[in-house]
Amino acid sequence: MTAAGPLSGITVVDLTRVLAGPYCTMVLADLGARVIKVEAPGKGDDARHYGPFMDGQSAYFASLNRGKESIALDLKTDSDRAVFERLLAAADVLVENYRPGTMEKLGYGWDDLHRRFPRLIYAAASGFGHSGPFSRRAAYDMVVQAMGGIMSITGQPGGPPTRVGTSIGDITAGLFTTVGVTAALHHRHASGEGMKVDVAMLDCQIAILENAIARYCATGEIPGPLGARHPSIAPFEAFSVRDGSIIIAAGNDALFAKLCDALGRPDLAGNPLFETNEQRCRHVEALKAEIESALAGQTAAAWLETLTAASIPCAPINSVADALSNPQVLARNMVVTLEGAESDRLKIAGNPIKLSAFADPPTRGAAPALDGDRTRILADIEAPNRQ
């Protein structure tokens with residue numbers, strides 16, 4: 001099922017596999033594009049073989065490839081190359097996440113494709129991009145998290161190297177590739193010309209370092225891990241209460257004063273050590289001790305109720321199960337179901353991009369069986385009047 005959306009009428013040929021590329025094409029499909037996944041015969045996307053499995057299907061694969069179509073093609077055989085080239089002739093976008101040089105070896109590098117299909121947008125997501133001394137190196141999420149600096153600021157002070165808990169190396173590359181594709185479509189609308197979109201996982205890790213770069217450039221000090229604490233705002237971290245921990249984020253002086261009142265410690269707002277954010281950051285350990293002393297007498301639930309009533313940003317530290325049952329998450333349709341008899345029990349993340357002109361249905365199209373859409377795809381590209 002192709003979703004209705006602003007990219008309806010756009011056809012994407014998807015050569016991607018595992019995570020970074022499929023995440024990009026998943027977002028494009030959620031926005032209405034028709035995504036035709038081209039997979040290796042017999043095996044398909046490697047992610048088809050990653051657990052956990054439900055009814056014989058990889059839940060991992062299904063969550064990233066919902067609403068797409070599949071055709072199996074061997075791009076080293078003449079007959080399948082002919083089919084692939086007919087797909088490209090009818091497509092708007094090609095997305096791949098091979099190591100740089102692979103497409104050139106197949107005869108489908110950017111220069112060749114642009115000459116033959118001048119309106120085609122070619123998007124490549126790779127570990128290090130299509131230029132630079134590391135371009136041909138292999139990369140995985142963990143590699144770019146380490147090289148990009150984000151692992152150096154994640155975890156507890158003095159603790160071992162810690163990976164961010166989701167594959168942000170892949171996911172940020174997928175998201176930035178999606179942005180690049182939509183920008184290229186806008187440019188083509190004005191110019192009539194396709195373009196190459198080149199996104200590197202490592203580049204994306206640098207792009208999301210945000211204030212760590214600013215702090216280093218401004219002070220010369222190399223940032224390190226701070227646990228749950230914000231490096232530039234206080235109080236802005238996890239605090240212990242009677243039965244666990246909660247998050248409190250008082251991001252300005254006015255919120256801090258309200259927090260002090262809610263804690264029953266209005267004197268803290270007037271304490272010279274805590275009067276400004278700069279002072280609070282300088283004396284953050286003393287501030288945390290004072291706040292936790294006030295919090296110690298009540299439970300997380302009680303404090304969250306009190307702080308929420310006082311309009312102070314706060315939160316429980318939810319498990320994944322807690323997050324998926326959160327009433328706000330459910331109200332925003334962020335837990336949806338895959339269609340199909342074999343996957344109707346599989347819940348996946350919804351589309352966070354809410355568009356007023358388009359519905360946000362509670363179900364999504366099922367992930368395709370390997371080569372499961374061959375007949376329809378071939379009929380479409382062989383139909384008369386295709387451009």
# chains A, B, ... in the order shown; residues from 1 in each chain; ligands from 1

$ residues_around --residues "stretch 64-76 of chain A" --least-positions-apart "6" --cutoff "7 Å" --atoms "only C-alpha atoms" --output "count of residues only"
24

$ closest_atom_pairs --of "stretch 139-220 of chain A" --to "stretch 96-105 of chain A" --cutoff "10 Å" --atoms "only C-alpha atoms" --output "JSON lines"
{"residue": "A:Ala139", "atom": "CA", "partner": "A:Arg99", "partner_atom": "CA", "distance": 8.6}
{"residue": "A:Gly174", "atom": "CA", "partner": "A:Asn97", "partner_atom": "CA", "distance": 9.6}
{"residue": "A:Val199", "atom": "CA", "partner": "A:Asn97", "partner_atom": "CA", "distance": 9.4}
{"residue": "A:Ala200", "atom": "CA", "partner": "A:Asn97", "partner_atom": "CA", "distance": 9.8}

$ select_by_dssp --residues "stretch 116-160 of chain A" --states "strand (DSSP E or B)" --output "VMD selection string"
chain A and resid 121 to 126

$ write_last_selection --atoms "C-alpha atoms" --output "PDB file, in the first residue's frame"
ATOM      1  CA  ILE A 121      17.898  12.154  -8.732  1.00  0.00           C
ATOM      2  CA  TYR A 122      20.662   9.897  -7.460  1.00  0.00           C
ATOM      3  CA  ALA A 123      21.019   9.747  -3.656  1.00  0.00           C
ATOM      4  CA  ALA A 124      23.909   7.901  -2.032  1.00  0.00           C
ATOM      5  CA  ALA A 125      24.267   7.313   1.700  1.00  0.00           C
ATOM      6  CA  SER A 126      27.631   5.840   2.688  1.00  0.00           C
TER       7      SER A 126
END

$ residues_around --residues "stretch 220-233 of chain A" --least-positions-apart "5" --cutoff "6 Å" --atoms "only C-alpha atoms" --output "count of residues only"
7

$ atom_distance --atom1 "atom CA of A:Cys204" --atom2 "atom CA of A:Thr178"
12.6 Å

$ residues_around --residues "A:Leu378" --least-positions-apart "2" --cutoff "10 Å" --atoms "only C-alpha atoms" --output "NGL selection string"
:A and (71 or 83 or 86-87 or 373-376 or 380-383)

$ write_last_selection --atoms "C-alpha atoms" --output "PDB file, in the first residue's frame"
ATOM      1  CA  ILE A  71      11.541  -7.074  -7.097  1.00  0.00           C
ATOM      2  CA  VAL A  83      14.605  -4.484 -16.317  1.00  0.00           C
ATOM      3  CA  ARG A  86      13.461   0.396 -17.501  1.00  0.00           C
ATOM      4  CA  LEU A  87      12.757   1.027 -13.823  1.00  0.00           C
ATOM      5  CA  ASP A 373       5.663  -7.438  -6.477  1.00  0.00           C
ATOM      6  CA  ARG A 374       7.476  -8.538  -9.647  1.00  0.00           C
ATOM      7  CA  THR A 375       4.350  -9.063 -11.745  1.00  0.00           C
ATOM      8  CA  ARG A 376       2.868  -5.642 -10.965  1.00  0.00           C
ATOM      9  CA  ASP A 380       3.830  -1.052 -14.977  1.00  0.00           C
ATOM     10  CA  ILE A 381       7.190  -0.471 -16.681  1.00  0.00           C
ATOM     11  CA  GLU A 382       6.097  -2.330 -19.811  1.00  0.00           C
ATOM     12  CA  ALA A 383       2.788  -0.489 -20.094  1.00  0.00           C
TER      13      ALA A 383
END

$ residues_around --residues "A:Val284" --least-positions-apart "6" --cutoff "10 Å" --atoms "only C-alpha atoms" --output "count of residues only"
10

$ select_by_dssp --residues "stretch 77-275 of chain A" --states "alpha helix (DSSP H)" --output "mmCIF file with N, CA and C atoms, in the first residue's frame"
data_model
loop_
_atom_site.group_PDB
_atom_site.id
_atom_site.type_symbol
_atom_site.label_atom_id
_atom_site.label_comp_id
_atom_site.auth_asym_id
_atom_site.auth_seq_id
_atom_site.Cartn_x
_atom_site.Cartn_y
_atom_site.Cartn_z
ATOM 1 N N ASP A 78 22.444 -9.565 -17.996
ATOM 2 C CA ASP A 78 21.920 -8.627 -18.996
ATOM 3 C C ASP A 78 20.409 -8.473 -18.904
ATOM 4 N N SER A 79 19.688 -9.565 -18.699
ATOM 5 C CA SER A 79 18.226 -9.481 -18.694
ATOM 6 C C SER A 79 17.727 -8.648 -17.507
ATOM 7 N N ASP A 80 18.331 -8.860 -16.343
ATOM 8 C CA ASP A 80 17.900 -8.106 -15.171
ATOM 9 C C ASP A 80 18.377 -6.660 -15.234
ATOM 10 N N ARG A 81 19.508 -6.431 -15.846
ATOM 11 C CA ARG A 81 19.958 -5.033 -16.040
ATOM 12 C C ARG A 81 18.980 -4.288 -16.947
ATOM 13 N N ALA A 82 18.443 -4.971 -17.924
ATOM 14 C CA ALA A 82 17.474 -4.328 -18.817
ATOM 15 C C ALA A 82 16.221 -3.933 -18.042
ATOM 16 N N VAL A 83 15.761 -4.815 -17.151
ATOM 17 C CA VAL A 83 14.605 -4.484 -16.317
ATOM 18 C C VAL A 83 14.937 -3.299 -15.409
ATOM 19 N N PHE A 84 16.109 -3.335 -14.790
ATOM 20 C CA PHE A 84 16.525 -2.254 -13.894
ATOM 21 C C PHE A 84 16.557 -0.924 -14.633
ATOM 22 N N GLU A 85 17.051 -0.911 -15.830
ATOM 23 C CA GLU A 85 17.144 0.337 -16.587
ATOM 24 C C GLU A 85 15.774 0.847 -17.010
ATOM 25 N N ARG A 86 14.830 -0.055 -17.242
ATOM 26 C CA ARG A 86 13.461 0.396 -17.501
ATOM 27 C C ARG A 86 12.850 1.007 -16.235
ATOM 28 N N LEU A 87 13.193 0.425 -15.085
ATOM 29 C CA LEU A 87 12.757 1.027 -13.823
ATOM 30 C C LEU A 87 13.303 2.438 -13.680
ATOM 31 N N LEU A 88 14.581 2.619 -13.954
ATOM 32 C CA LEU A 88 15.196 3.937 -13.820
ATOM 33 C C LEU A 88 14.569 4.948 -14.780
ATOM 34 N N ALA A 89 14.238 4.483 -15.968
ATOM 35 C CA ALA A 89 13.648 5.389 -16.955
ATOM 36 C C ALA A 89 12.302 5.923 -16.495
ATOM 37 N N ALA A 90 11.607 5.130 -15.659
ATOM 38 C CA ALA A 90 10.279 5.538 -15.180
ATOM 39 C C ALA A 90 10.323 6.168 -13.796
ATOM 40 N N THR A 102 31.035 1.036 -5.866
ATOM 41 C CA THR A 102 30.268 -0.147 -6.245
ATOM 42 C C THR A 102 29.376 0.128 -7.448
ATOM 43 N N MET A 103 28.681 1.246 -7.424
ATOM 44 C CA MET A 103 27.784 1.562 -8.542
ATOM 45 C C MET A 103 28.566 1.777 -9.835
ATOM 46 N N GLU A 104 29.756 2.361 -9.747
ATOM 47 C CA GLU A 104 30.581 2.537 -10.941
ATOM 48 C C GLU A 104 30.982 1.183 -11.521
ATOM 49 N N LYS A 105 31.301 0.227 -10.651
ATOM 50 C CA LYS A 105 31.664 -1.107 -11.129
ATOM 51 C C LYS A 105 30.497 -1.773 -11.847
ATOM 52 N N LEU A 106 29.292 -1.464 -11.413
ATOM 53 C CA LEU A 106 28.104 -2.028 -12.054
ATOM 54 C C LEU A 106 27.714 -1.285 -13.331
ATOM 55 N N TRP A 110 27.164 7.920 -11.090
ATOM 56 C CA TRP A 110 26.409 9.158 -11.323
ATOM 57 C C TRP A 110 26.604 9.697 -12.738
ATOM 58 N N ASP A 111 27.811 9.740 -13.232
ATOM 59 C CA ASP A 111 28.044 10.331 -14.559
ATOM 60 C C ASP A 111 27.278 9.564 -15.631
ATOM 61 N N ASP A 112 27.323 8.236 -15.571
ATOM 62 C CA ASP A 112 26.595 7.428 -16.559
ATOM 63 C C ASP A 112 25.088 7.604 -16.416
ATOM 64 N N LEU A 113 24.604 7.567 -15.193
ATOM 65 C CA LEU A 113 23.167 7.696 -14.982
ATOM 66 C C LEU A 113 22.659 9.068 -15.400
ATOM 67 N N HIS A 114 23.399 10.110 -15.071
ATOM 68 C CA HIS A 114 22.929 11.455 -15.396
ATOM 69 C C HIS A 114 22.889 11.684 -16.904
ATOM 70 N N ARG A 115 23.841 11.093 -17.612
ATOM 71 C CA ARG A 115 23.837 11.229 -19.067
ATOM 72 C C ARG A 115 22.619 10.524 -19.670
ATOM 73 N N ARG A 116 22.269 9.363 -19.139
ATOM 74 C CA ARG A 116 21.174 8.571 -19.704
ATOM 75 C C ARG A 116 19.807 8.997 -19.183
ATOM 76 N N ASP A 141 27.424 1.746 12.012
ATOM 77 C CA ASP A 141 26.983 2.748 12.971
ATOM 78 C C ASP A 141 28.014 2.979 14.075
ATOM 79 N N MET A 142 28.500 1.906 14.691
ATOM 80 C CA MET A 142 29.453 2.034 15.794
ATOM 81 C C MET A 142 30.735 2.737 15.351
ATOM 82 N N VAL A 143 31.160 2.491 14.123
ATOM 83 C CA VAL A 143 32.381 3.102 13.609
ATOM 84 C C VAL A 143 32.245 4.615 13.556
ATOM 85 N N VAL A 144 31.133 5.100 13.014
ATOM 86 C CA VAL A 144 30.998 6.551 12.876
ATOM 87 C C VAL A 144 30.618 7.222 14.187
ATOM 88 N N GLN A 145 29.913 6.502 15.080
ATOM 89 C CA GLN A 145 29.684 7.070 16.411
ATOM 90 C C GLN A 145 31.025 7.311 17.102
ATOM 91 N N ALA A 146 31.962 6.385 16.935
ATOM 92 C CA ALA A 146 33.274 6.532 17.568
ATOM 93 C C ALA A 146 34.094 7.623 16.885
ATOM 94 N N MET A 147 34.168 7.591 15.568
ATOM 95 C CA MET A 147 35.000 8.553 14.850
ATOM 96 C C MET A 147 34.429 9.960 14.899
ATOM 97 N N ILE A 168 22.168 5.879 15.793
ATOM 98 C CA ILE A 168 22.043 7.238 15.242
ATOM 99 C C ILE A 168 23.018 7.504 14.105
ATOM 100 N N GLY A 169 24.072 6.703 13.984
ATOM 101 C CA GLY A 169 24.948 6.850 12.833
ATOM 102 C C GLY A 169 24.205 6.564 11.543
ATOM 103 N N ASP A 170 23.428 5.492 11.537
ATOM 104 C CA ASP A 170 22.615 5.149 10.372
ATOM 105 C C ASP A 170 21.393 6.048 10.236
ATOM 106 N N ILE A 171 20.710 6.272 11.345
ATOM 107 C CA ILE A 171 19.427 6.972 11.275
ATOM 108 C C ILE A 171 19.602 8.422 10.857
ATOM 109 N N THR A 172 20.621 9.105 11.397
ATOM 110 C CA THR A 172 20.827 10.495 10.963
ATOM 111 C C THR A 172 21.195 10.548 9.487
ATOM 112 N N ALA A 173 21.975 9.590 9.011
ATOM 113 C CA ALA A 173 22.303 9.567 7.583
ATOM 114 C C ALA A 173 21.047 9.354 6.751
ATOM 115 N N GLY A 174 20.159 8.458 7.212
ATOM 116 C CA GLY A 174 18.907 8.257 6.491
ATOM 117 C C GLY A 174 18.062 9.512 6.448
ATOM 118 N N LEU A 175 17.984 10.218 7.571
ATOM 119 C CA LEU A 175 17.178 11.444 7.622
ATOM 120 C C LEU A 175 17.773 12.544 6.755
ATOM 121 N N PHE A 176 19.090 12.743 6.835
ATOM 122 C CA PHE A 176 19.708 13.781 6.013
ATOM 123 C C PHE A 176 19.601 13.443 4.525
ATOM 124 N N THR A 177 19.656 12.155 4.185
ATOM 125 C CA THR A 177 19.469 11.773 2.782
ATOM 126 C C THR A 177 18.052 12.095 2.328
ATOM 127 N N THR A 178 17.068 11.878 3.198
ATOM 128 C CA THR A 178 15.694 12.235 2.871
ATOM 129 C C THR A 178 15.559 13.732 2.613
ATOM 130 N N VAL A 179 16.181 14.541 3.457
ATOM 131 C CA VAL A 179 16.158 15.996 3.248
ATOM 132 C C VAL A 179 16.796 16.346 1.909
ATOM 133 N N GLY A 180 17.924 15.701 1.606
ATOM 134 C CA GLY A 180 18.591 15.964 0.332
ATOM 135 C C GLY A 180 17.729 15.603 -0.864
ATOM 136 N N VAL A 181 17.018 14.459 -0.774
ATOM 137 C CA VAL A 181 16.147 14.043 -1.876
ATOM 138 C C VAL A 181 15.017 15.036 -2.085
ATOM 139 N N THR A 182 14.378 15.465 -1.009
ATOM 140 C CA THR A 182 13.262 16.409 -1.171
ATOM 141 C C THR A 182 13.760 17.748 -1.703
ATOM 142 N N ALA A 183 14.955 18.184 -1.287
ATOM 143 C CA ALA A 183 15.525 19.418 -1.831
ATOM 144 C C ALA A 183 15.825 19.258 -3.318
ATOM 145 N N ALA A 184 16.353 18.089 -3.699
ATOM 146 C CA ALA A 184 16.658 17.841 -5.109
ATOM 147 C C ALA A 184 15.392 17.783 -5.954
ATOM 148 N N LEU A 185 14.316 17.241 -5.401
ATOM 149 C CA LEU A 185 13.047 17.241 -6.135
ATOM 150 C C LEU A 185 12.548 18.661 -6.355
ATOM 151 N N HIS A 186 12.703 19.505 -5.346
ATOM 152 C CA HIS A 186 12.293 20.906 -5.500
ATOM 153 C C HIS A 186 13.144 21.591 -6.576
ATOM 154 N N HIS A 187 14.446 21.332 -6.550
ATOM 155 C CA HIS A 187 15.327 21.924 -7.559
ATOM 156 C C HIS A 187 14.959 21.432 -8.958
ATOM 157 N N ARG A 188 14.648 20.149 -9.089
ATOM 158 C CA ARG A 188 14.287 19.621 -10.405
ATOM 159 C C ARG A 188 12.992 20.242 -10.916
ATOM 160 N N HIS A 189 12.060 20.511 -9.994
ATOM 161 C CA HIS A 189 10.812 21.149 -10.399
ATOM 162 C C HIS A 189 11.087 22.486 -11.080
ATOM 163 N N ALA A 190 12.096 23.205 -10.598
ATOM 164 C CA ALA A 190 12.428 24.520 -11.172
ATOM 165 C C ALA A 190 13.340 24.418 -12.383
ATOM 166 N N SER A 191 14.265 23.439 -12.371
ATOM 167 C CA SER A 191 15.307 23.399 -13.397
ATOM 168 C C SER A 191 15.114 22.301 -14.441
ATOM 169 N N MET A 201 27.729 9.122 6.599
ATOM 170 C CA MET A 201 27.370 8.889 8.001
ATOM 171 C C MET A 201 28.266 9.697 8.944
ATOM 172 N N LEU A 202 29.568 9.734 8.663
ATOM 173 C CA LEU A 202 30.477 10.483 9.533
ATOM 174 C C LEU A 202 30.133 11.964 9.532
ATOM 175 N N ASP A 203 29.846 12.528 8.357
ATOM 176 C CA ASP A 203 29.455 13.941 8.284
ATOM 177 C C ASP A 203 28.252 14.218 9.174
ATOM 178 N N CYS A 204 27.299 13.295 9.149
ATOM 179 C CA CYS A 204 26.068 13.500 9.923
ATOM 180 C C CYS A 204 26.344 13.480 11.418
ATOM 181 N N GLN A 205 27.306 12.669 11.853
ATOM 182 C CA GLN A 205 27.658 12.670 13.270
ATOM 183 C C GLN A 205 28.276 13.994 13.689
ATOM 184 N N ILE A 206 29.106 14.553 12.828
ATOM 185 C CA ILE A 206 29.662 15.887 13.112
ATOM 186 C C ILE A 206 28.540 16.917 13.174
ATOM 187 N N ALA A 207 27.587 16.806 12.260
ATOM 188 C CA ALA A 207 26.500 17.789 12.179
ATOM 189 C C ALA A 207 25.640 17.816 13.433
ATOM 190 N N ASN A 211 26.212 21.745 20.498
ATOM 191 C CA ASN A 211 26.930 22.631 21.415
ATOM 192 C C ASN A 211 28.302 22.091 21.822
ATOM 193 N N ALA A 212 28.578 20.812 21.582
ATOM 194 C CA ALA A 212 29.919 20.306 21.884
ATOM 195 C C ALA A 212 30.962 21.001 21.019
ATOM 196 N N ILE A 213 30.630 21.246 19.761
ATOM 197 C CA ILE A 213 31.551 21.968 18.882
ATOM 198 C C ILE A 213 31.695 23.407 19.349
ATOM 199 N N ALA A 214 30.566 24.039 19.659
ATOM 200 C CA ALA A 214 30.615 25.434 20.105
ATOM 201 C C ALA A 214 31.438 25.571 21.382
ATOM 202 N N ARG A 215 31.255 24.646 22.321
ATOM 203 C CA ARG A 215 32.003 24.720 23.584
ATOM 204 C C ARG A 215 33.499 24.543 23.350
ATOM 205 N N TYR A 216 33.859 23.595 22.502
ATOM 206 C CA TYR A 216 35.277 23.372 22.237
ATOM 207 C C TYR A 216 35.913 24.573 21.543
ATOM 208 N N CYS A 217 35.228 25.099 20.522
ATOM 209 C CA CYS A 217 35.790 26.225 19.778
ATOM 210 C C CYS A 217 35.862 27.499 20.630
ATOM 211 N N ALA A 218 34.899 27.665 21.533
ATOM 212 C CA ALA A 218 34.866 28.882 22.350
ATOM 213 C C ALA A 218 35.852 28.829 23.516
ATOM 214 N N THR A 219 36.086 27.624 24.059
ATOM 215 C CA THR A 219 36.883 27.535 25.287
ATOM 216 C C THR A 219 38.200 26.794 25.112
ATOM 217 N N ASP A 253 16.082 31.376 34.400
ATOM 218 C CA ASP A 253 15.991 31.852 35.784
ATOM 219 C C ASP A 253 14.565 31.810 36.317
ATOM 220 N N ALA A 254 13.599 32.137 35.471
ATOM 221 C CA ALA A 254 12.205 32.142 35.924
ATOM 222 C C ALA A 254 11.754 30.738 36.291
ATOM 223 N N LEU A 255 12.116 29.750 35.454
ATOM 224 C CA LEU A 255 11.756 28.369 35.761
ATOM 225 C C LEU A 255 12.464 27.879 37.024
ATOM 226 N N PHE A 256 13.690 28.315 37.206
ATOM 227 C CA PHE A 256 14.407 27.904 38.408
ATOM 228 C C PHE A 256 13.718 28.437 39.662
ATOM 229 N N ALA A 257 13.275 29.680 39.608
ATOM 230 C CA ALA A 257 12.566 30.246 40.762
ATOM 231 C C ALA A 257 11.281 29.467 41.032
ATOM 232 N N LYS A 258 10.543 29.092 39.976
ATOM 233 C CA LYS A 258 9.322 28.299 40.150
ATOM 234 C C LYS A 258 9.641 26.928 40.720
ATOM 235 N N LEU A 259 10.734 26.340 40.263
ATOM 236 C CA LEU A 259 11.145 25.049 40.786
ATOM 237 C C LEU A 259 11.446 25.145 42.283
ATOM 238 N N CYS A 260 12.158 26.172 42.673
ATOM 239 C CA CYS A 260 12.493 26.341 44.093
ATOM 240 C C CYS A 260 11.229 26.455 44.948
ATOM 241 N N ASP A 261 10.254 27.187 44.448
ATOM 242 C CA ASP A 261 8.980 27.298 45.174
ATOM 243 C C ASP A 261 8.303 25.943 45.275
ATOM 244 N N ALA A 262 8.270 25.194 44.161
ATOM 245 C CA ALA A 262 7.597 23.890 44.153
ATOM 246 C C ALA A 262 8.285 22.904 45.084
ATOM 247 N N ASP A 267 14.391 29.732 49.107
ATOM 248 C CA ASP A 267 15.680 30.359 49.431
ATOM 249 C C ASP A 267 16.758 30.052 48.404
ATOM 250 N N LEU A 268 16.634 28.911 47.705
ATOM 251 C CA LEU A 268 17.669 28.549 46.731
ATOM 252 C C LEU A 268 17.767 29.562 45.591
ATOM 253 N N ALA A 269 16.637 30.144 45.209
ATOM 254 C CA ALA A 269 16.650 31.100 44.102
ATOM 255 C C ALA A 269 17.453 32.350 44.447
ATOM 256 N N GLY A 270 17.511 32.687 45.732
ATOM 257 C CA GLY A 270 18.261 33.865 46.144
ATOM 258 C C GLY A 270 19.669 33.570 46.603
#

$ residues_around --residues "A:Ala294" --least-positions-apart "5" --cutoff "12 Å" --atoms "only C-alpha atoms" --output "PyMOL selection string"
chain A and resi 239-242+259-266+268+287-289+299+303

$ closest_residue --among "A:Thr276, A:Gln298, A:Ser245, A:Thr306" --to "A:Asn318" --atoms "only C-alpha atoms"
A:Ser245
